[in-house]
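Here the structure is laid out as structure tokens; the discussion comes afterwards.
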Amino acid sequence: MIIAVDGPLASGKGTIAKALARHFGLPHLDTGSLYRATAVAVIDAAIDPADEAAAAAAARALDVTAIDETRIRTADAGAMASRVAALPAVRAALYELQRDFAEQAGGAILDGRDIGTVICPDAGVKLYVTANAETRADRRWRELTAKGDPISYETVLAQTRERDARDTERADAPMRPADDATLLDTSSLSIDAAIAAAIQIVENARKA
Ligand code: CDP
Ligand code: CDP
């Protein structure tokens, strides 16, 4: 069973994907971490994000066993991630890795932006998790503030809108629900309620 979980920033897709992985005993890949790690490599090597070949080389050179979880979660890494993610050569460089993960015997859960549409159009269950921009920005602002980042809510909201627009409008693998995805709006759901709803959607899809 392959489960695809897509959605915009701070919609709750990561939390839901992790909970589904625990519940159904499946391995989980946060594909955003690959784009974030590429972004950190691009920043560290002072690569111009307009230099598609150099950014793709950074993606190919990633050591996925040595991703610095703290560094990739900064607001700057997120912003750069959506810039490098718009480059087709970067997406191509990360395709095989994601596909191999999805094809493990026994199944897998992947979360990202294009799992249901591009990486795993064959997924048995596709979830598209959403929430309104203000709620998502508030969630992300709280996370960053808890880590000591002095960023303002207004800045996070502006970054949220900018990243949504870039991810939706890019030509290659734009963020969108697959035609056969089930939508889950978490705007007014607690984490537990969102997880329970997601488990129900997977159970229903397996029965169908
Ligand atoms: O956690 P958050 O939703 O903030 O972002 P993420 O999932 O870590 O992804 C960071 C960026 O990587 C996104 O804004 C996308 O531009 C890109 N991404 C993508 O293009 N395709 C994916 N499958 C996953 C992430
Ligand atoms: O992976 P994604 O960026 O979509 O979001 P996440 O990391 O799962 O969730 C972002 C933040 O929102 C986390 O701090 C979650 O605890 C919180 N959250 C929430 O408050 N209510 C929900 N229903 C889901 C997530």
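Residues in the structure tokens are named by chain (A, B, ... in the order shown) and by number from 1 within that chain; ligands are numbered from 1 in the order shown.
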
| Neighbours of A:Ala54 within 10 Å (only C-alpha atoms; same-chain residues fewer than 5 positions away dropped), as a list of chain:residue names? | A:Val42, A:Ala45, A:Ile47, A:Asp48, A:Pro49, A:Ala59, A:Arg60, A:Ala89, A:Val90

Would you save the residues of that selection, restricted to N, CA and C atoms, as a PDB file, in the first residue's frame?
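Once written, result_36.pdb looks like this:
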```pdb
ATOM      1  N   VAL A  42      22.761  24.522  -1.375  1.00  0.00           N
ATOM      2  CA  VAL A  42      22.872  25.641  -2.318  1.00  0.00           C
ATOM      3  C   VAL A  42      23.321  26.911  -1.581  1.00  0.00           C
ATOM      4  N   ALA A  45      27.044  26.542  -0.402  1.00  0.00           N
ATOM      5  CA  ALA A  45      28.042  26.604  -1.475  1.00  0.00           C
ATOM      6  C   ALA A  45      27.915  27.908  -2.269  1.00  0.00           C
ATOM      7  N   ILE A  47      25.677  28.900  -4.221  1.00  0.00           N
ATOM      8  CA  ILE A  47      25.234  28.648  -5.600  1.00  0.00           C
ATOM      9  C   ILE A  47      24.095  29.619  -5.921  1.00  0.00           C
ATOM     10  N   ASP A  48      24.140  30.209  -7.098  1.00  0.00           N
ATOM     11  CA  ASP A  48      23.057  31.082  -7.546  1.00  0.00           C
ATOM     12  C   ASP A  48      21.861  30.180  -7.871  1.00  0.00           C
ATOM     13  N   PRO A  49      20.689  30.378  -7.173  1.00  0.00           N
ATOM     14  CA  PRO A  49      19.548  29.476  -7.435  1.00  0.00           C
ATOM     15  C   PRO A  49      19.011  29.576  -8.868  1.00  0.00           C
ATOM     16  N   ALA A  59      21.711  18.658  -5.538  1.00  0.00           N
ATOM     17  CA  ALA A  59      20.661  17.681  -5.197  1.00  0.00           C
ATOM     18  C   ALA A  59      21.188  16.255  -5.364  1.00  0.00           C
ATOM     19  N   ARG A  60      21.910  16.014  -6.453  1.00  0.00           N
ATOM     20  CA  ARG A  60      22.453  14.666  -6.701  1.00  0.00           C
ATOM     21  C   ARG A  60      23.493  14.280  -5.651  1.00  0.00           C
ATOM     22  N   ALA A  89      15.461  20.327 -13.294  1.00  0.00           N
ATOM     23  CA  ALA A  89      16.630  19.448 -13.142  1.00  0.00           C
ATOM     24  C   ALA A  89      16.807  19.018 -11.683  1.00  0.00           C
ATOM     25  N   VAL A  90      16.413  19.883 -10.747  1.00  0.00           N
ATOM     26  CA  VAL A  90      16.475  19.511  -9.328  1.00  0.00           C
ATOM     27  C   VAL A  90      15.420  18.446  -9.042  1.00  0.00           C
TER      28      VAL A  90
END
```

| field | Surroundings of ligand 2 up to 9 Å, based on only C-alpha atoms and all ligand atoms, as a VMD selection string | value | chain A and resid 6 to 18 30 32 111 to 112 129 to 131 135 to 143 185 to 195

Generate a file of the selected residues that holds N, CA and C atoms, formatted as a compact mmCIF listing (two decimals), in the first residue's frame.
```txt
# COMPACT_ATOMS: atom_id res chain seq x y z
N ASP A 6 -0.25 15.03 0.36
CA ASP A 6 0.23 16.31 -0.16
C ASP A 6 -0.49 17.47 0.51
N GLY A 7 0.07 18.66 0.32
CA GLY A 7 -0.58 19.86 0.85
C GLY A 7 0.42 20.96 1.05
N PRO A 8 -0.09 22.18 1.28
CA PRO A 8 0.80 23.33 1.45
C PRO A 8 1.45 23.37 2.83
N LEU A 9 2.32 24.33 2.98
CA LEU A 9 3.08 24.59 4.22
C LEU A 9 2.19 24.61 5.46
N ALA A 10 2.59 23.84 6.47
CA ALA A 10 1.92 23.82 7.77
C ALA A 10 0.43 23.47 7.69
N SER A 11 0.06 22.72 6.66
CA SER A 11 -1.32 22.23 6.59
C SER A 11 -1.53 21.11 7.61
N GLY A 12 -0.41 20.50 8.03
CA GLY A 12 -0.48 19.38 8.96
C GLY A 12 -0.15 18.06 8.29
N LYS A 13 0.30 18.11 7.02
CA LYS A 13 0.55 16.87 6.28
C LYS A 13 1.65 16.01 6.91
N GLY A 14 2.69 16.68 7.48
CA GLY A 14 3.79 15.92 8.08
C GLY A 14 3.34 15.19 9.33
N THR A 15 2.59 15.90 10.16
CA THR A 15 2.06 15.31 11.40
C THR A 15 1.15 14.13 11.06
N ILE A 16 0.30 14.33 10.06
CA ILE A 16 -0.63 13.27 9.65
C ILE A 16 0.12 12.09 9.04
N ALA A 17 1.10 12.37 8.19
CA ALA A 17 1.85 11.28 7.55
C ALA A 17 2.59 10.44 8.60
N LYS A 18 3.19 11.12 9.58
CA LYS A 18 3.91 10.38 10.65
C LYS A 18 2.94 9.51 11.45
N ASP A 30 9.53 12.14 4.35
CA ASP A 30 9.16 13.55 4.24
C ASP A 30 9.95 14.12 3.05
N GLY A 32 9.75 16.88 1.48
CA GLY A 32 10.15 18.28 1.62
C GLY A 32 11.56 18.40 2.19
N ASP A 111 5.11 12.20 2.04
CA ASP A 111 4.38 13.45 2.04
C ASP A 111 5.17 14.53 1.32
N GLY A 112 4.42 15.44 0.66
CA GLY A 112 5.08 16.49 -0.12
C GLY A 112 4.09 17.38 -0.83
N VAL A 129 -4.09 17.60 2.14
CA VAL A 129 -4.36 18.28 3.41
C VAL A 129 -4.26 19.79 3.20
N THR A 130 -5.28 20.52 3.63
CA THR A 130 -5.27 21.97 3.46
C THR A 130 -5.64 22.64 4.79
N ALA A 131 -5.49 23.96 4.81
CA ALA A 131 -5.99 24.81 5.89
C ALA A 131 -5.82 26.23 5.36
N THR A 135 -4.24 30.43 9.38
CA THR A 135 -4.05 29.34 10.34
C THR A 135 -2.69 28.69 10.14
N ARG A 136 -2.33 28.46 8.89
CA ARG A 136 -1.05 27.81 8.61
C ARG A 136 0.12 28.70 9.03
N ALA A 137 0.00 30.00 8.72
CA ALA A 137 1.07 30.93 9.10
C ALA A 137 1.21 30.98 10.62
N ASP A 138 0.08 30.96 11.32
CA ASP A 138 0.12 31.00 12.79
C ASP A 138 0.81 29.74 13.34
N ARG A 139 0.50 28.59 12.77
CA ARG A 139 1.15 27.35 13.20
C ARG A 139 2.66 27.42 12.99
N ARG A 140 3.06 27.86 11.79
CA ARG A 140 4.49 27.91 11.47
C ARG A 140 5.20 28.95 12.33
N TRP A 141 4.52 30.11 12.56
CA TRP A 141 5.11 31.17 13.39
C TRP A 141 5.34 30.65 14.82
N ARG A 142 4.37 29.92 15.36
CA ARG A 142 4.55 29.35 16.70
C ARG A 142 5.73 28.38 16.75
N GLU A 143 5.87 27.56 15.72
CA GLU A 143 7.00 26.61 15.69
C GLU A 143 8.33 27.35 15.67
N ASP A 185 -9.48 19.33 5.23
CA ASP A 185 -9.23 20.70 5.69
C ASP A 185 -9.03 20.68 7.20
N THR A 186 -7.84 21.04 7.66
CA THR A 186 -7.53 20.96 9.10
C THR A 186 -7.66 22.31 9.81
N SER A 187 -8.20 23.34 9.10
CA SER A 187 -8.26 24.70 9.68
C SER A 187 -8.83 24.70 11.09
N SER A 188 -9.93 23.96 11.29
CA SER A 188 -10.54 24.00 12.62
C SER A 188 -10.49 22.65 13.31
N LEU A 189 -9.48 21.83 12.93
CA LEU A 189 -9.34 20.52 13.56
C LEU A 189 -8.13 20.52 14.51
N SER A 190 -8.29 19.87 15.66
CA SER A 190 -7.13 19.63 16.52
C SER A 190 -6.26 18.59 15.81
N ILE A 191 -5.03 18.44 16.30
CA ILE A 191 -4.14 17.44 15.70
C ILE A 191 -4.77 16.05 15.80
N ASP A 192 -5.31 15.73 16.98
CA ASP A 192 -5.90 14.39 17.16
C ASP A 192 -7.08 14.17 16.22
N ALA A 193 -7.91 15.20 16.05
CA ALA A 193 -9.07 15.06 15.17
C ALA A 193 -8.62 14.90 13.71
N ALA A 194 -7.58 15.63 13.33
CA ALA A 194 -7.07 15.54 11.95
C ALA A 194 -6.52 14.13 11.70
N ILE A 195 -5.80 13.60 12.67
CA ILE A 195 -5.22 12.25 12.53
C ILE A 195 -6.34 11.20 12.44
```

Kindly assemble as JSON lines a list of the chain A residues that lie within 9 Å of ligand 1, each paired with its nearest atom pair and their distance in Å to one decimal, using only C-alpha atoms and all ligand atoms, sorted first by chain and then by ascending residue number.
```
{"residue": "A:Asp6", "atom": "CA", "partner": "ligand 1", "partner_atom_place_in_ligand_line": "23 (N)", "distance": 7.6}
{"residue": "A:Gly7", "atom": "CA", "partner": "ligand 1", "partner_atom_place_in_ligand_line": "3 (O)", "distance": 7.2}
{"residue": "A:Pro8", "atom": "CA", "partner": "ligand 1", "partner_atom_place_in_ligand_line": "3 (O)", "distance": 5.3}
{"residue": "A:Leu9", "atom": "CA", "partner": "ligand 1", "partner_atom_place_in_ligand_line": "3 (O)", "distance": 3.1}
{"residue": "A:Ala10", "atom": "CA", "partner": "ligand 1", "partner_atom_place_in_ligand_line": "3 (O)", "distance": 5.0}
{"residue": "A:Ser11", "atom": "CA", "partner": "ligand 1", "partner_atom_place_in_ligand_line": "3 (O)", "distance": 7.0}
{"residue": "A:Gly12", "atom": "CA", "partner": "ligand 1", "partner_atom_place_in_ligand_line": "3 (O)", "distance": 8.0}
{"residue": "A:Lys13", "atom": "CA", "partner": "ligand 1", "partner_atom_place_in_ligand_line": "3 (O)", "distance": 7.6}
{"residue": "A:Gly14", "atom": "CA", "partner": "ligand 1", "partner_atom_place_in_ligand_line": "1 (O)", "distance": 7.0}
{"residue": "A:Asp30", "atom": "CA", "partner": "ligand 1", "partner_atom_place_in_ligand_line": "7 (O)", "distance": 7.0}
{"residue": "A:Thr31", "atom": "CA", "partner": "ligand 1", "partner_atom_place_in_ligand_line": "24 (C)", "distance": 4.9}
{"residue": "A:Gly32", "atom": "CA", "partner": "ligand 1", "partner_atom_place_in_ligand_line": "25 (C)", "distance": 3.6}
{"residue": "A:Ser33", "atom": "CA", "partner": "ligand 1", "partner_atom_place_in_ligand_line": "8 (O)", "distance": 5.2}
{"residue": "A:Leu34", "atom": "CA", "partner": "ligand 1", "partner_atom_place_in_ligand_line": "25 (C)", "distance": 7.5}
{"residue": "A:Tyr35", "atom": "CA", "partner": "ligand 1", "partner_atom_place_in_ligand_line": "12 (O)", "distance": 4.8}
{"residue": "A:Arg36", "atom": "CA", "partner": "ligand 1", "partner_atom_place_in_ligand_line": "10 (C)", "distance": 5.7}
{"residue": "A:Ala39", "atom": "CA", "partner": "ligand 1", "partner_atom_place_in_ligand_line": "12 (O)", "distance": 8.8}
{"residue": "A:Ile72", "atom": "CA", "partner": "ligand 1", "partner_atom_place_in_ligand_line": "8 (O)", "distance": 8.2}
{"residue": "A:Arg73", "atom": "CA", "partner": "ligand 1", "partner_atom_place_in_ligand_line": "8 (O)", "distance": 7.5}
{"residue": "A:Ala75", "atom": "CA", "partner": "ligand 1", "partner_atom_place_in_ligand_line": "4 (O)", "distance": 8.4}
{"residue": "A:Ala77", "atom": "CA", "partner": "ligand 1", "partner_atom_place_in_ligand_line": "10 (C)", "distance": 8.0}
{"residue": "A:Gly78", "atom": "CA", "partner": "ligand 1", "partner_atom_place_in_ligand_line": "10 (C)", "distance": 5.1}
{"residue": "A:Ala79", "atom": "CA", "partner": "ligand 1", "partner_atom_place_in_ligand_line": "14 (O)", "distance": 6.9}
{"residue": "A:Met80", "atom": "CA", "partner": "ligand 1", "partner_atom_place_in_ligand_line": "11 (C)", "distance": 7.9}
{"residue": "A:Ala81", "atom": "CA", "partner": "ligand 1", "partner_atom_place_in_ligand_line": "11 (C)", "distance": 4.7}
{"residue": "A:Ser82", "atom": "CA", "partner": "ligand 1", "partner_atom_place_in_ligand_line": "16 (O)", "distance": 3.1}
{"residue": "A:Arg83", "atom": "CA", "partner": "ligand 1", "partner_atom_place_in_ligand_line": "16 (O)", "distance": 6.6}
{"residue": "A:Val84", "atom": "CA", "partner": "ligand 1", "partner_atom_place_in_ligand_line": "16 (O)", "distance": 7.4}
{"residue": "A:Ala85", "atom": "CA", "partner": "ligand 1", "partner_atom_place_in_ligand_line": "20 (O)", "distance": 4.6}
{"residue": "A:Ala86", "atom": "CA", "partner": "ligand 1", "partner_atom_place_in_ligand_line": "20 (O)", "distance": 6.8}
{"residue": "A:Arg91", "atom": "CA", "partner": "ligand 1", "partner_atom_place_in_ligand_line": "20 (O)", "distance": 7.6}
{"residue": "A:Gln98", "atom": "CA", "partner": "ligand 1", "partner_atom_place_in_ligand_line": "23 (N)", "distance": 8.9}
{"residue": "A:Leu110", "atom": "CA", "partner": "ligand 1", "partner_atom_place_in_ligand_line": "23 (N)", "distance": 8.4}
{"residue": "A:Asp111", "atom": "CA", "partner": "ligand 1", "partner_atom_place_in_ligand_line": "23 (N)", "distance": 6.7}
{"residue": "A:Gly112", "atom": "CA", "partner": "ligand 1", "partner_atom_place_in_ligand_line": "23 (N)", "distance": 3.6}
{"residue": "A:Arg113", "atom": "CA", "partner": "ligand 1", "partner_atom_place_in_ligand_line": "23 (N)", "distance": 4.1}
{"residue": "A:Asp114", "atom": "CA", "partner": "ligand 1", "partner_atom_place_in_ligand_line": "23 (N)", "distance": 4.9}
{"residue": "A:Ile115", "atom": "CA", "partner": "ligand 1", "partner_atom_place_in_ligand_line": "23 (N)", "distance": 5.9}
{"residue": "A:Val118", "atom": "CA", "partner": "ligand 1", "partner_atom_place_in_ligand_line": "23 (N)", "distance": 8.9}
{"residue": "A:Ile119", "atom": "CA", "partner": "ligand 1", "partner_atom_place_in_ligand_line": "23 (N)", "distance": 8.0}
{"residue": "A:Arg140", "atom": "CA", "partner": "ligand 1", "partner_atom_place_in_ligand_line": "4 (O)", "distance": 7.8}
{"residue": "A:Thr160", "atom": "CA", "partner": "ligand 1", "partner_atom_place_in_ligand_line": "4 (O)", "distance": 8.4}
{"residue": "A:Arg163", "atom": "CA", "partner": "ligand 1", "partner_atom_place_in_ligand_line": "14 (O)", "distance": 5.7}
{"residue": "A:Asp164", "atom": "CA", "partner": "ligand 1", "partner_atom_place_in_ligand_line": "14 (O)", "distance": 7.1}
{"residue": "A:Arg166", "atom": "CA", "partner": "ligand 1", "partner_atom_place_in_ligand_line": "16 (O)", "distance": 7.3}
{"residue": "A:Asp167", "atom": "CA", "partner": "ligand 1", "partner_atom_place_in_ligand_line": "16 (O)", "distance": 5.2}
{"residue": "A:Thr168", "atom": "CA", "partner": "ligand 1", "partner_atom_place_in_ligand_line": "16 (O)", "distance": 8.8}
{"residue": "A:Ala173", "atom": "CA", "partner": "ligand 1", "partner_atom_place_in_ligand_line": "20 (O)", "distance": 7.4}
{"residue": "A:Pro174", "atom": "CA", "partner": "ligand 1", "partner_atom_place_in_ligand_line": "20 (O)", "distance": 7.5}
{"residue": "A:Met175", "atom": "CA", "partner": "ligand 1", "partner_atom_place_in_ligand_line": "20 (O)", "distance": 7.3}
```

Emit the selected residues as a short mmCIF file (atom, residue, chain, number, x, y, z; two decimals), in the first residue's frame, including C-alpha atoms.
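Contents of the output file selection_3.cif:
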```
data_model
loop_
_atom_site.label_atom_id
_atom_site.label_comp_id
_atom_site.auth_asym_id
_atom_site.auth_seq_id
_atom_site.Cartn_x
_atom_site.Cartn_y
_atom_site.Cartn_z
CA ASP A 6 0.23 16.31 -0.16
CA GLY A 7 -0.58 19.86 0.85
CA PRO A 8 0.80 23.33 1.45
CA LEU A 9 3.08 24.59 4.22
CA ALA A 10 1.92 23.82 7.77
CA SER A 11 -1.32 22.23 6.59
CA GLY A 12 -0.48 19.38 8.96
CA LYS A 13 0.55 16.87 6.28
CA GLY A 14 3.79 15.92 8.08
CA ASP A 30 9.16 13.55 4.24
CA THR A 31 10.05 14.58 0.68
CA GLY A 32 10.15 18.28 1.62
CA SER A 33 13.29 17.50 3.62
CA LEU A 34 15.05 16.58 0.34
CA TYR A 35 14.26 19.99 -1.18
CA ARG A 36 15.16 21.72 2.10
CA ALA A 39 18.43 24.41 -0.40
CA ILE A 72 16.73 22.52 7.22
CA ARG A 73 13.77 23.70 9.36
CA ALA A 75 12.47 29.92 7.42
CA ALA A 77 15.81 27.05 4.12
CA GLY A 78 12.05 26.78 3.44
CA ALA A 79 12.07 29.85 1.21
CA MET A 80 15.12 28.64 -0.75
CA ALA A 81 13.61 25.13 -0.97
CA SER A 82 10.64 26.43 -2.93
CA ARG A 83 13.00 28.29 -5.30
CA VAL A 84 15.17 25.25 -6.08
CA ALA A 85 12.05 23.04 -6.21
CA ALA A 86 10.84 25.05 -9.21
CA ARG A 91 13.14 17.65 -9.33
CA GLN A 98 11.52 9.03 -3.88
CA LEU A 110 5.36 9.86 1.35
CA ASP A 111 4.38 13.45 2.04
CA GLY A 112 5.08 16.49 -0.12
CA ARG A 113 3.52 18.53 -2.90
CA ASP A 114 3.46 16.23 -5.95
CA ILE A 115 3.30 12.74 -4.47
CA VAL A 118 3.87 12.88 -10.14
CA ILE A 119 5.87 10.64 -7.80
CA ARG A 140 4.49 27.91 11.47
CA THR A 160 3.40 31.54 3.40
CA ARG A 163 5.61 30.05 -1.11
CA ASP A 164 2.02 28.91 -1.88
CA ARG A 166 5.48 29.77 -6.20
CA ASP A 167 4.59 26.13 -5.51
CA THR A 168 1.21 26.40 -7.26
CA ALA A 173 4.93 19.39 -10.84
CA PRO A 174 2.87 22.28 -9.43
CA MET A 175 1.22 21.75 -6.05
#
```

| request: Determine which residues of stretch 22-121 of chain A receive a DSSP assignment of strand (DSSP E), computed from the backbone, and state them as a PyMOL selection string. | output: chain A and resi 28-30+108-112

| task | Give me every alpha helix (DSSP H) residue in stretch 117-178 of chain A, going by DSSP on the backbone, as a ChimeraX atom specification. | result | /A:133-146,153-169

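Of the listed residues A:Thr38, A:Thr74, A:Gln104, A:Gln159, the one whose atoms come nearest to A:Leu26 is A:Gln104, with distances taken using only C-alpha atoms.
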
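Taking atom CA of A:Asp76 as the reference point, atom CA of A:Ala55 is found at 16.2 Å.
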